[in-house]
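Peer 1: Can you keep this structure in mind? I'll have questions shortly.
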Amino acid sequence: MELHILEHSLKVASIEKEGIQICTHGLIKLAFLASKTRCKFFSLTETPEDYTIIVDEEGFKELPESEHISVADATWLALNVVSGGGNASSSQPIGVTKIAKSVIAPLADHNISVFMLSTYQTDFILVRERDLPMVMHTLSSEFTLLRVVNGETVAAHNLGVTNGFVKPKLVPRPIIHPLSSPSNMFCVTSLDPDTLPSVATLLMDVMFYSGGPKEPVASSEDSSHIRFFSFSLIEGYISLVMDEQTTQRFPNNVLFTSASGELWKMVRIGGQPLGFDECGIVAQISEPLATADIPAYYISTFKFDHALVPEENIQSVIGALRTESSAQ
């Protein structure tokens with residue numbers, strides 16, 4: 001197994017809902033006119049609270065300075081687990097539960113905070129740039145470590161790491177944050193970049209002009225229905241996460257679907273904003289899922305975390321996670 005350290009230096013930021021209009025010029029350019037920027041890594045996720053942006057330094061230049069934008073105080077690097085050879089975006093996806101025990105748990109054991117972005121194509125594990133020596137030390141026994149430099153994959157040097165790190169003391173990881181499951185069912189999909197212009201107007205509507213505060217609230221029996229939409233354009237590959245109702249707005253045969261047409265249910269993690277310093281949140285969720293062999297996508301945002309599991313597994317997932325929660 002290979003662990004690729006991608007060459008993008010990333011910023012993670014939050015845009016307040018009321019400030020999105022001053023950012024739409026830059027965001028539309030990043031999403032739909034990427035050839036006019038030097039950006040290679042862009043992700044935008046809307047939640048009920050805010051918009052979370054993950055973007056490389058070139059893309060970040062497209063955003064205005066604003067009091068409505070909060071930026072996490074670190075540069076982040078994206079790691080990608082690749083089974084065999086091939087580049088990050090064209091290899092078979094591993095799934096966050098498949099890397100829970102080999103990547104997520106060891107990093108948590110070493111108190112390394114991670115920020116997850118699952119896409120249709122693969123799973124990106126974001127770590128702070130300053131933590132990279134410890135990350136490499138932690139994972140070097142399980143993986144061949146490779147760095148992407150100018151698009152080429154080369155052996156990663158150990159950054160001068162010695163054996164001075166203390167072996168971590170392994171401790172149980174009970175779930176300590178509240179969990180909730182919205183009523184929406186979600187699709188994880190993609191589309192051919194060549195078809196992006198044909199649905200650009202629709203996507204702009206979904207991303208910036210639907211679900212605003214002036215829209216009528218859904219019926220009372222559907223109060224657990226939440227606003228969630230994620231768009232990623234990373235190294236030329238598009239990934240979309242949206243609820244079933246939103247997918248129905250797209251023309252037939254534009255969105256990729258799995259053979260099973262699988263739908264996913266969400267588990268939202270956090271009652272108060274989680275912050276960036278606590279370690280082990282992703283591990284708390286992904287390890288029980290890995291033990292139960294339940295596939296999952298995982299999307300961290302500026303304030304909360306989100307796991308997507310197959311619709312048919314949601315009750316057993318909630319039960320398993322709540323058992324972990326009561327074990328503390």
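Going through the structure tokens in order, the chains are called A, B, and so on, while each chain numbers its residues from 1 and the ligands are numbered from 1 in the order shown.
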DSSP on the backbone: which residues in region 27-81 of chain A end up as helix (DSSP H, G or I)? Give the answer as a list in words.
Peer 2: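 Residues of region 27-81 of chain A classed as helix (DSSP H, G or I): Leu27, Ile28, Lys29, Leu30, Ala31, Phe32, Ala34, Ser35, Lys36, Glu57, Glu58, Gly59 and Phe60 of chain A.
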Peer 1: Keeping all heavy atoms, export the residues of the selection given above as an mmCIF file, in the first residue's frame.
Peer 2:
data_model
loop_
_atom_site.group_PDB
_atom_site.id
_atom_site.type_symbol
_atom_site.label_atom_id
_atom_site.label_comp_id
_atom_site.auth_asym_id
_atom_site.auth_seq_id
_atom_site.Cartn_x
_atom_site.Cartn_y
_atom_site.Cartn_z
ATOM 1 N N LEU A 27 -15.615 32.110 -6.137
ATOM 2 C CA LEU A 27 -16.006 30.705 -6.049
ATOM 3 C C LEU A 27 -16.494 30.176 -7.394
ATOM 4 O O LEU A 27 -16.192 29.032 -7.767
ATOM 5 C CB LEU A 27 -17.092 30.529 -4.980
ATOM 6 C CG LEU A 27 -16.648 30.832 -3.547
ATOM 7 C CD1 LEU A 27 -17.837 30.776 -2.604
ATOM 8 C CD2 LEU A 27 -15.552 29.870 -3.077
ATOM 9 N N ILE A 28 -17.237 30.993 -8.136
ATOM 10 C CA ILE A 28 -17.690 30.574 -9.469
ATOM 11 C C ILE A 28 -16.485 30.374 -10.387
ATOM 12 O O ILE A 28 -16.422 29.412 -11.173
ATOM 13 C CB ILE A 28 -18.682 31.597 -10.049
ATOM 14 C CG1 ILE A 28 -20.029 31.456 -9.322
ATOM 15 C CG2 ILE A 28 -18.850 31.423 -11.553
ATOM 16 C CD1 ILE A 28 -21.030 32.552 -9.648
ATOM 17 N N LYS A 29 -15.509 31.250 -10.281
ATOM 18 C CA LYS A 29 -14.292 31.100 -11.094
ATOM 19 C C LYS A 29 -13.575 29.803 -10.753
ATOM 20 O O LYS A 29 -13.141 29.058 -11.644
ATOM 21 C CB LYS A 29 -13.372 32.303 -10.857
ATOM 22 C CG LYS A 29 -12.161 32.359 -11.779
ATOM 23 C CD LYS A 29 -11.376 33.645 -11.534
ATOM 24 C CE LYS A 29 -10.124 33.723 -12.415
ATOM 25 N NZ LYS A 29 -9.339 34.942 -12.130
ATOM 26 N N LEU A 30 -13.465 29.482 -9.464
ATOM 27 C CA LEU A 30 -12.768 28.267 -9.042
ATOM 28 C C LEU A 30 -13.514 27.010 -9.477
ATOM 29 O O LEU A 30 -12.902 26.002 -9.847
ATOM 30 C CB LEU A 30 -12.597 28.272 -7.521
ATOM 31 C CG LEU A 30 -11.601 29.300 -6.972
ATOM 32 C CD1 LEU A 30 -11.746 29.440 -5.462
ATOM 33 C CD2 LEU A 30 -10.167 28.899 -7.338
ATOM 34 N N ALA A 31 -14.851 27.058 -9.419
ATOM 35 C CA ALA A 31 -15.636 25.865 -9.722
ATOM 36 C C ALA A 31 -15.834 25.660 -11.223
ATOM 37 O O ALA A 31 -15.783 24.521 -11.710
ATOM 38 C CB ALA A 31 -16.999 25.948 -9.025
ATOM 39 N N PHE A 32 -16.067 26.742 -11.967
ATOM 40 C CA PHE A 32 -16.503 26.604 -13.349
ATOM 41 C C PHE A 32 -15.519 27.150 -14.383
ATOM 42 O O PHE A 32 -15.656 26.865 -15.568
ATOM 43 C CB PHE A 32 -17.860 27.309 -13.527
ATOM 44 C CG PHE A 32 -18.915 26.792 -12.594
ATOM 45 C CD1 PHE A 32 -19.353 27.560 -11.526
ATOM 46 C CD2 PHE A 32 -19.445 25.526 -12.757
ATOM 47 C CE1 PHE A 32 -20.316 27.082 -10.641
ATOM 48 C CE2 PHE A 32 -20.409 25.034 -11.892
ATOM 49 C CZ PHE A 32 -20.847 25.809 -10.834
ATOM 50 N N ALA A 34 -11.967 26.947 -13.959
ATOM 51 C CA ALA A 34 -10.690 26.568 -13.337
ATOM 52 C C ALA A 34 -9.512 26.807 -14.262
ATOM 53 O O ALA A 34 -8.398 27.069 -13.809
ATOM 54 C CB ALA A 34 -10.736 25.099 -12.913
ATOM 55 N N SER A 35 -9.749 26.745 -15.570
ATOM 56 C CA SER A 35 -8.643 26.966 -16.510
ATOM 57 C C SER A 35 -8.120 28.392 -16.445
ATOM 58 O O SER A 35 -7.008 28.673 -16.905
ATOM 59 C CB SER A 35 -9.100 26.651 -17.941
ATOM 60 O OG SER A 35 -10.142 27.532 -18.336
ATOM 61 N N LYS A 36 -8.897 29.296 -15.880
ATOM 62 C CA LYS A 36 -8.466 30.691 -15.742
ATOM 63 C C LYS A 36 -7.781 30.944 -14.393
ATOM 64 O O LYS A 36 -7.478 32.076 -14.041
ATOM 65 C CB LYS A 36 -9.654 31.634 -15.926
ATOM 66 C CG LYS A 36 -10.277 31.550 -17.313
ATOM 67 C CD LYS A 36 -11.269 32.645 -17.550
ATOM 68 C CE LYS A 36 -11.910 32.535 -18.931
ATOM 69 N NZ LYS A 36 -10.916 32.602 -20.030
ATOM 70 N N GLU A 57 -3.216 27.235 -2.260
ATOM 71 C CA GLU A 57 -2.818 28.638 -2.088
ATOM 72 C C GLU A 57 -3.135 29.478 -3.324
ATOM 73 O O GLU A 57 -3.481 30.659 -3.205
ATOM 74 C CB GLU A 57 -1.332 28.711 -1.735
ATOM 75 C CG GLU A 57 -1.044 28.184 -0.328
ATOM 76 C CD GLU A 57 0.427 28.179 0.027
ATOM 77 O OE1 GLU A 57 1.253 28.087 -0.909
ATOM 78 O OE2 GLU A 57 0.755 28.248 1.227
ATOM 79 N N GLU A 58 -3.038 28.879 -4.503
ATOM 80 C CA GLU A 58 -3.376 29.628 -5.717
ATOM 81 C C GLU A 58 -4.864 29.951 -5.744
ATOM 82 O O GLU A 58 -5.274 31.065 -6.093
ATOM 83 C CB GLU A 58 -2.985 28.820 -6.966
ATOM 84 C CG GLU A 58 -1.484 28.726 -7.202
ATOM 85 C CD GLU A 58 -0.856 30.071 -7.506
ATOM 86 O OE1 GLU A 58 -1.545 30.950 -8.064
ATOM 87 O OE2 GLU A 58 0.334 30.249 -7.201
ATOM 88 N N GLY A 59 -5.683 28.992 -5.371
ATOM 89 C CA GLY A 59 -7.118 29.220 -5.355
ATOM 90 C C GLY A 59 -7.536 30.212 -4.289
ATOM 91 O O GLY A 59 -8.477 30.994 -4.486
ATOM 92 N N PHE A 60 -6.842 30.190 -3.165
ATOM 93 C CA PHE A 60 -7.185 31.085 -2.061
ATOM 94 C C PHE A 60 -7.042 32.547 -2.472
ATOM 95 O O PHE A 60 -7.750 33.419 -1.965
ATOM 96 C CB PHE A 60 -6.298 30.775 -0.847
ATOM 97 C CG PHE A 60 -6.731 31.455 0.415
ATOM 98 C CD1 PHE A 60 -7.875 31.056 1.088
ATOM 99 C CD2 PHE A 60 -5.993 32.511 0.936
ATOM 100 C CE1 PHE A 60 -8.279 31.687 2.252
ATOM 101 C CE2 PHE A 60 -6.386 33.153 2.101
ATOM 102 C CZ PHE A 60 -7.539 32.735 2.762
#
Peer 1: Need the shell around Phe250 (chain A): protein/DNA/RNA residues with any atom at most 12 Å away, counting only C-alpha atoms. Skip same-chain ones fewer than 2 positions apart. Format as a ChimeraX atom specification?
Peer 2: /A:189-191,195-196,198-203,205-206,242,244-248,252-256
Peer 1: Print the selection's residues with C-alpha atoms to a file, as a compact mmCIF listing (two decimals), in the first residue's frame.
Peer 2:
# COMPACT_ATOMS: atom_id res chain seq x y z
CA THR A 189 -21.73 11.15 -7.51
CA SER A 190 -19.64 12.82 -10.20
CA LEU A 191 -19.92 14.12 -13.72
CA THR A 195 -20.53 18.32 -19.32
CA LEU A 196 -19.96 20.91 -16.57
CA SER A 198 -24.24 22.34 -19.60
CA VAL A 199 -25.25 22.23 -15.92
CA ALA A 200 -23.29 25.25 -14.66
CA THR A 201 -26.39 27.42 -14.19
CA LEU A 202 -28.15 24.65 -12.26
CA LEU A 203 -25.09 24.05 -10.09
CA ASP A 205 -28.36 27.81 -8.24
CA VAL A 206 -27.83 24.79 -5.99
CA MET A 242 -26.16 16.12 -2.47
CA GLU A 244 -31.80 12.83 -3.38
CA GLN A 245 -34.16 15.74 -4.11
CA THR A 246 -31.31 17.84 -5.51
CA THR A 247 -30.13 15.07 -7.84
CA GLN A 248 -33.60 14.95 -9.37
CA ASN A 252 -30.81 12.29 -17.10
CA ASN A 253 -27.43 10.71 -17.80
CA VAL A 254 -25.39 13.70 -16.58
CA LEU A 255 -24.54 12.38 -13.12
CA PHE A 256 -22.57 9.18 -12.65
Peer 1: Residues within 8 Å of Val282 (chain A), please, as a list in words. Count only C-alpha atoms; anything in the same chain fewer than 5 positions from it doesn't count.
Peer 2: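 Skipping anything fewer than 5 positions along the chain leaves Ile104, Val114 and Met116 of chain A.
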Peer 1: Using only C-alpha atoms, which of A:Gly26, A:Asp50, A:Glu152, A:Lys98 sits nearest Thr122 (chain A)?
Peer 2: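 Between A:Gly26, A:Asp50, A:Glu152, A:Lys98, the residue approaching Thr122 (chain A) most closely is A:Lys98.
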Peer 1: List as a PyMOL selection string the protein and nucleic acid residues near Cys187 (chain A), meaning an atom at most 6 Å away when only C-alpha atoms are counted, but skip any in the same chain fewer than 3 places from it.
Peer 2: chain A and resi 241-243+263
Peer 1: Deliver the residues from the most recent selection as a file, using all heavy atoms, as an mmCIF file, in the first residue's frame.
Peer 2:
data_model
loop_
_atom_site.group_PDB
_atom_site.id
_atom_site.type_symbol
_atom_site.label_atom_id
_atom_site.label_comp_id
_atom_site.auth_asym_id
_atom_site.auth_seq_id
_atom_site.Cartn_x
_atom_site.Cartn_y
_atom_site.Cartn_z
ATOM 1 N N VAL A 241 -21.711 15.705 -3.581
ATOM 2 C CA VAL A 241 -22.519 15.048 -2.559
ATOM 3 C C VAL A 241 -23.754 15.924 -2.354
ATOM 4 O O VAL A 241 -23.633 17.103 -2.024
ATOM 5 C CB VAL A 241 -21.753 14.899 -1.224
ATOM 6 C CG1 VAL A 241 -22.627 14.187 -0.190
ATOM 7 C CG2 VAL A 241 -20.451 14.130 -1.438
ATOM 8 N N MET A 242 -24.917 15.344 -2.591
ATOM 9 C CA MET A 242 -26.158 16.123 -2.469
ATOM 10 C C MET A 242 -27.301 15.197 -2.117
ATOM 11 O O MET A 242 -27.197 13.977 -2.273
ATOM 12 C CB MET A 242 -26.451 16.865 -3.763
ATOM 13 C CG MET A 242 -26.571 15.976 -4.982
ATOM 14 S SD MET A 242 -26.752 16.955 -6.486
ATOM 15 C CE MET A 242 -25.412 16.330 -7.489
ATOM 16 N N ASP A 243 -28.387 15.796 -1.616
ATOM 17 C CA ASP A 243 -29.496 14.928 -1.240
ATOM 18 C C ASP A 243 -30.269 14.492 -2.485
ATOM 19 O O ASP A 243 -30.095 15.015 -3.591
ATOM 20 C CB ASP A 243 -30.386 15.548 -0.166
ATOM 21 C CG ASP A 243 -31.133 16.785 -0.620
ATOM 22 O OD1 ASP A 243 -31.264 17.016 -1.833
ATOM 23 O OD2 ASP A 243 -31.589 17.533 0.269
ATOM 24 N N LEU A 263 -28.056 4.851 -2.058
ATOM 25 C CA LEU A 263 -28.341 6.052 -1.291
ATOM 26 C C LEU A 263 -27.681 5.946 0.070
ATOM 27 O O LEU A 263 -27.520 4.843 0.622
ATOM 28 C CB LEU A 263 -29.851 6.240 -1.125
ATOM 29 C CG LEU A 263 -30.629 6.545 -2.412
ATOM 30 C CD1 LEU A 263 -32.121 6.514 -2.153
ATOM 31 C CD2 LEU A 263 -30.210 7.892 -2.998
#
Peer 1: Within 7 Å of Ile299 (chain A), counting only C-alpha atoms, which residues show up once you throw out same-chain ones fewer than 4 positions away? Write them as a PDB file with C-alpha atoms, in the first residue's frame, please.
Peer 2:
ATOM      1  CA  MET A 116     -11.227  14.350   6.224  1.00  0.00           C
ATOM      2  CA  LEU A 117     -12.574  14.884   2.739  1.00  0.00           C
ATOM      3  CA  SER A 118     -14.126  11.867   1.058  1.00  0.00           C
ATOM      4  CA  ASP A 305     -18.123  16.295  10.961  1.00  0.00           C
ATOM      5  CA  HIS A 306     -20.324  14.180   8.704  1.00  0.00           C
ATOM      6  CA  ALA A 307     -20.234  10.444   7.989  1.00  0.00           C
TER       7      ALA A 307
END
Peer 1: Let's see if you can do this: from backbone DSSP, list all strand (DSSP E or B) residues in region 139-321 of chain A, as a ChimeraX atom specification.
Peer 2: /A:144-149,152-155,179-180,186-189,191,229-234,237-243,255,264-269,297-300,305-310
Peer 1: At a cut-off of 12 Å, using only C-alpha atoms, what residues contact Ser180 (chain A)? Leave out same-chain residues fewer than 3 positions from it and give the result as a VMD selection string.
Peer 2: chain A and resid 177 183 to 184 224 to 226 265 to 271 304 to 308 314 to 315 317 to 319 321 to 322
Peer 1: For the atom pair CA of Tyr297 (chain A) and CA of Ala74 (chain A), what is the interatomic distance in Å to one decimal place?
Peer 2: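 Taking CA of Tyr297 (chain A) as the start and CA of Ala74 (chain A) as the end point, the length is 24.2 Å.
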Peer 1: Would you work out the distance separating CA of Ile5 (chain A) from CA of Pro288 (chain A), expressed in Å to one decimal?
Peer 2: 26.4 Å
Peer 1: Rounded to one decimal place, report the CA of Leu63 (chain A)-CA of Lys11 (chain A) distance in Å.
Peer 2: 11.5 Å
Peer 1: List as JSON, numbers by chain the protein and nucleic acid residues near Ala105 (chain A), meaning an atom at most 12 Å away when only C-alpha atoms are counted, but skip any in the same chain fewer than 3 places from it.
Peer 2: {"A": [96, 97, 98, 99, 100, 101, 102, 108, 109, 110, 111, 112, 113, 114, 135, 138, 139, 168, 170, 171, 172, 173, 279, 280, 281, 282, 283, 284, 285, 286, 287, 288, 290]}
Peer 1: Put those residues in a file: C-alpha atoms, as a PDB file, in the first residue's frame.
Peer 2:
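Okay, selection_0.pdb is ready:
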ATOM      1  CA  VAL A  96     -12.566   5.791   5.158  1.00  0.00           C
ATOM      2  CA  THR A  97     -13.425   2.601   7.042  1.00  0.00           C
ATOM      3  CA  LYS A  98     -10.746   0.697   5.123  1.00  0.00           C
ATOM      4  CA  ILE A  99      -8.095   3.158   6.292  1.00  0.00           C
ATOM      5  CA  ALA A 100      -9.494   3.540   9.817  1.00  0.00           C
ATOM      6  CA  LYS A 101      -7.142   1.044  11.435  1.00  0.00           C
ATOM      7  CA  SER A 102      -4.085   1.623   9.234  1.00  0.00           C
ATOM      8  CA  ALA A 108      -5.048   9.635  16.619  1.00  0.00           C
ATOM      9  CA  ASP A 109      -2.826   7.537  18.895  1.00  0.00           C
ATOM     10  CA  HIS A 110      -0.014  10.022  18.206  1.00  0.00           C
ATOM     11  CA  ASN A 111      -2.305  13.009  18.893  1.00  0.00           C
ATOM     12  CA  ILE A 112      -2.269  14.125  15.265  1.00  0.00           C
ATOM     13  CA  SER A 113      -5.450  15.937  14.281  1.00  0.00           C
ATOM     14  CA  VAL A 114      -6.881  15.116  10.844  1.00  0.00           C
ATOM     15  CA  VAL A 135       2.812  11.557  10.314  1.00  0.00           C
ATOM     16  CA  THR A 138       3.851   6.997  12.392  1.00  0.00           C
ATOM     17  CA  LEU A 139       2.849   5.487   9.055  1.00  0.00           C
ATOM     18  CA  PRO A 168       1.994   6.144  22.244  1.00  0.00           C
ATOM     19  CA  LEU A 170      -3.102   3.137  23.332  1.00  0.00           C
ATOM     20  CA  VAL A 171      -6.338   4.105  25.038  1.00  0.00           C
ATOM     21  CA  PRO A 172      -9.995   3.443  24.253  1.00  0.00           C
ATOM     22  CA  ARG A 173     -11.734   6.082  22.175  1.00  0.00           C
ATOM     23  CA  CYS A 279      -7.612  14.521  18.063  1.00  0.00           C
ATOM     24  CA  GLY A 280      -9.409  11.251  17.446  1.00  0.00           C
ATOM     25  CA  ILE A 281     -12.882  12.379  16.343  1.00  0.00           C
ATOM     26  CA  VAL A 282     -12.620  10.680  12.942  1.00  0.00           C
ATOM     27  CA  ALA A 283     -11.171   7.582  14.633  1.00  0.00           C
ATOM     28  CA  GLN A 284     -14.024   7.469  17.147  1.00  0.00           C
ATOM     29  CA  ILE A 285     -16.489   7.126  14.288  1.00  0.00           C
ATOM     30  CA  SER A 286     -14.530   5.188  11.672  1.00  0.00           C
ATOM     31  CA  GLU A 287     -13.112   2.434  13.882  1.00  0.00           C
ATOM     32  CA  PRO A 288     -16.501   0.977  14.945  1.00  0.00           C
ATOM     33  CA  ALA A 290     -14.488  -0.635  10.193  1.00  0.00           C
TER      34      ALA A 290
END
Peer 1: Tell me which of A:Met1, A:Ala78, A:Ile69, A:Leu33 sits closest to Glu16 (chain A), counting only C-alpha atoms.
Peer 2: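 Of the candidates, the smallest distance to Glu16 (chain A) is held by A:Ile69.
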